Amino acid sequence: MKCFNYPLYIRSVPSQNELKFHYTVHTSLDVVEEKVSAVGKSIGDQRELYLGLLYPTEDYKVYGYVTNSKVKFVIVVDSSNTSLRDNEIRSMFRKLHNSFTDVMCNPFYNPGDPIQSKAFNGIVSGMMVQTG
Amino acid sequence: MADESLFEFLHMEIVSHIFNEQQSSKGEMDNKDRAACISLLEAMGFRVGQGLIERLTRDTPSFKDELDIMKFICKDFWTKVFRRQVDNLRTNHQGTYVLQDNKFALLTQFSSGKQYLDQAPKYLAFSCGVVRGALSNLGLESVVTAEVSIMPSCKFQVVIQKL
């Protein structure tokens, strides 16, 4: 099994905080791995939500989602944004997954490369603007 | 009904094109050239398998273990790609699996016996690649080979590589 994790895509608003998010996302991967190995023992549900507050001092909510092809999606949301409900996060992950599937099927995309697709960018921007 | 033939014809042309390309630059095909063509076909299949599995596992729940993945390949995946299920799956429970398809979709038009048996490997390389690509994206590195003794029945052998 491949044991390395590297980001295929990172976007944030406002973009000057990007480095901080790189770090947040990277540490959340450990929690993701934990959950993935636990899933095998319980019911097979591919979605995992709400990894919990990783940094109690920083007020971020971090959500995770893992596909069957072991690709992990992480969404970091400001805690002050309490209007975001569970189903909205789920539907965001759904859209991301669908968009990622399209990227995979693009013959010009080499699996493992950073994602440069404009369509994918568009979907992500659409979601970020919506949540403020 | 015609959709099936579309891919079959395309596949036949791909195989013949690749072999012709290799032949025209050399004039004589030796084993090394033949092996190069087969690797090329397999590599194409690999990329296709990766993309396909992403689409096909979008809505399925997580797989519990290796055997679960192989069963998925034999049933759902084989149905979507080759329009039937694998007839027989055997394993030694140590990473080797043999998938037997008695009426392999890409071989049915060739013959129902031993005629053209020597040509069969060329037409199986792409499919081996597809299976390998699918497994690779599900987290399993493998080596996939195929053998035919009587058309159109063929056996795919999958050996999972433990890292």
# chains A, B, ... in the order shown; residues from 1 in each chain; ligands from 1
$ closest_atom_pairs --of "chain B" --to "chain A" --cutoff "12 Å" --atoms "only C-alpha atoms" --output "tab-separated table"
residue	atom	partner	partner_atom	distance
B:Met44	CA	A:Pro107	CA	10.6
B:Phe46	CA	A:Pro111	CA	11.0
B:Arg47	CA	A:Pro111	CA	8.4
B:Val48	CA	A:Cys105	CA	8.0
B:Gly49	CA	A:Cys105	CA	9.8
B:Gln50	CA	A:Met104	CA	7.7
B:Gly51	CA	A:Cys105	CA	4.8
B:Leu52	CA	A:Cys105	CA	7.3
B:Ile53	CA	A:Ser69	CA	8.0
B:Glu54	CA	A:Thr101	CA	5.8
B:Arg55	CA	A:Thr101	CA	5.9
B:Leu56	CA	A:Thr101	CA	9.5
B:Thr57	CA	A:Asn68	CA	6.3
B:Arg58	CA	A:Thr67	CA	7.4
B:Asp59	CA	A:Gln46	CA	8.7
B:Thr60	CA	A:Gln46	CA	7.8
B:Pro61	CA	A:Asp45	CA	5.2
B:Ser62	CA	A:Gln46	CA	5.1
B:Phe63	CA	A:Gly44	CA	7.0
B:Lys64	CA	A:Gly40	CA	5.2
B:Asp65	CA	A:Gly40	CA	7.7
B:Glu66	CA	A:Gly40	CA	11.4
B:Asp68	CA	A:Gly40	CA	11.3
B:Ile69	CA	A:Asn68	CA	10.1
B:Phe72	CA	A:Asn68	CA	11.9
B:Gly133	CA	A:Pro111	CA	10.8
B:Ala134	CA	A:Ser69	CA	9.1
B:Leu135	CA	A:Ser69	CA	9.1
B:Ser136	CA	A:Ser69	CA	8.5
B:Asn137	CA	A:Ser69	CA	5.1
B:Leu138	CA	A:Ser69	CA	4.6
B:Gly139	CA	A:Met1	CA	5.7
B:Leu140	CA	A:Met1	CA	6.2
B:Glu141	CA	A:Met1	CA	7.1
B:Ser142	CA	A:Met1	CA	10.5
B:Ile160	CA	A:Met1	CA	10.3
B:Gln161	CA	A:Met1	CA	8.8
B:Lys162	CA	A:Met1	CA	7.5
B:Leu163	CA	A:Met1	CA	6.5
$ atom_distance --atom1 "CA of Glu13 in chain B" --atom2 "CA of Ala120 in chain B"
14.5 Å
$ residues_around --residues "Val86 in chain B" --least-positions-apart "5" --cutoff "10 Å" --atoms "only C-alpha atoms" --output "list in words"
Lys71, Ile73, Cys74, Lys75, Asp76, Phe77, Trp78, Thr79, Leu99, Gln100, Asp101, Asn102, Lys103, Phe104, Lys155 and Phe156 of chain B
$ atom_distance --atom1 "CA of Cys37 in chain B" --atom2 "CA of Phe7 in chain B"
19.4 Å
$ select_by_dssp --residues "chain B" --states "strand (DSSP E or B)" --output "PyMOL selection string"
chain B and resi 88-91+96-101+142-150+153-160
$ write_last_selection --atoms "C-alpha atoms" --output "PDB file, in the first residue's frame"
ATOM      1  CA  ASN B  88     -14.991 -18.514 -11.226  1.00  0.00           C
ATOM      2  CA  LEU B  89     -12.742 -16.860  -8.652  1.00  0.00           C
ATOM      3  CA  ARG B  90     -10.074 -18.914  -6.951  1.00  0.00           C
ATOM      4  CA  THR B  91      -7.511 -17.794  -4.427  1.00  0.00           C
ATOM      5  CA  THR B  96      -2.913 -14.756  -5.669  1.00  0.00           C
ATOM      6  CA  TYR B  97      -6.285 -14.797  -7.421  1.00  0.00           C
ATOM      7  CA  VAL B  98      -7.397 -16.526 -10.595  1.00  0.00           C
ATOM      8  CA  LEU B  99     -10.414 -15.071 -12.373  1.00  0.00           C
ATOM      9  CA  GLN B 100     -11.957 -17.307 -14.992  1.00  0.00           C
ATOM     10  CA  ASP B 101     -14.257 -15.934 -17.637  1.00  0.00           C
ATOM     11  CA  SER B 142      -0.506  -6.126  -8.550  1.00  0.00           C
ATOM     12  CA  VAL B 143       0.750  -8.041 -11.529  1.00  0.00           C
ATOM     13  CA  VAL B 144      -1.983  -9.216 -13.891  1.00  0.00           C
ATOM     14  CA  THR B 145      -1.456 -11.820 -16.573  1.00  0.00           C
ATOM     15  CA  ALA B 146      -3.880 -13.729 -18.757  1.00  0.00           C
ATOM     16  CA  GLU B 147      -3.840 -17.099 -20.393  1.00  0.00           C
ATOM     17  CA  VAL B 148      -6.101 -18.853 -22.834  1.00  0.00           C
ATOM     18  CA  SER B 149      -6.230 -22.547 -23.562  1.00  0.00           C
ATOM     19  CA  ILE B 150      -9.583 -22.762 -25.319  1.00  0.00           C
ATOM     20  CA  SER B 153     -12.572 -18.918 -22.143  1.00  0.00           C
ATOM     21  CA  CYS B 154      -9.687 -17.178 -20.432  1.00  0.00           C
ATOM     22  CA  LYS B 155      -8.064 -16.974 -17.025  1.00  0.00           C
ATOM     23  CA  PHE B 156      -6.673 -13.813 -15.493  1.00  0.00           C
ATOM     24  CA  GLN B 157      -4.111 -14.290 -12.794  1.00  0.00           C
ATOM     25  CA  VAL B 158      -3.744 -11.462 -10.288  1.00  0.00           C
ATOM     26  CA  VAL B 159      -0.830 -11.473  -7.879  1.00  0.00           C
ATOM     27  CA  ILE B 160      -1.016  -8.757  -5.247  1.00  0.00           C
TER      28      ILE B 160
END
$ atom_distance --atom1 "CA of Thr27 in chain A" --atom2 "CA of Met127 in chain A"
23.2 Å
$ residues_around --residues "Ser39 in chain B" --least-positions-apart "4" --cutoff "12 Å" --atoms "only C-alpha atoms" --output "list in words"
Val15, Ile18, Phe19, Lys32, Asp33, Arg34, Ala35, Ala43, Met44, Gly45, Phe46, Pro121, Lys122, Tyr123, Leu124, Ala125, Phe126, Ser127, Cys128, Gly129, Val144 and Thr145 of chain B
$ closest_residue --among "A:Ala119, A:Leu19, A:Val31, A:Ile75" --to "Glu88 in chain A" --atoms "only C-alpha atoms"
A:Ile75
$ select_by_dssp --residues "range 70-109 of chain B" --states "alpha helix (DSSP H)" --output "MDAnalysis selection string"
chainID B and resid 70:72 78:82
$ write_last_selection --atoms "C-alpha atoms" --output "JSON list (two decimals), in the first residue's frame"
[["chain", "number", "residue", "atom", "x", "y", "z"],
["B", 70, "MET", "CA", -11.60, -8.87, -5.71],
["B", 71, "LYS", "CA", -15.26, -9.81, -5.43],
["B", 72, "PHE", "CA", -16.21, -6.32, -6.53],
["B", 78, "TRP", "CA", -16.57, -7.04, -14.80],
["B", 79, "THR", "CA", -20.27, -6.49, -15.53],
["B", 80, "LYS", "CA", -19.80, -2.83, -16.34],
["B", 81, "VAL", "CA", -16.70, -3.36, -18.46],
["B", 82, "PHE", "CA", -17.15, -6.78, -20.06]]
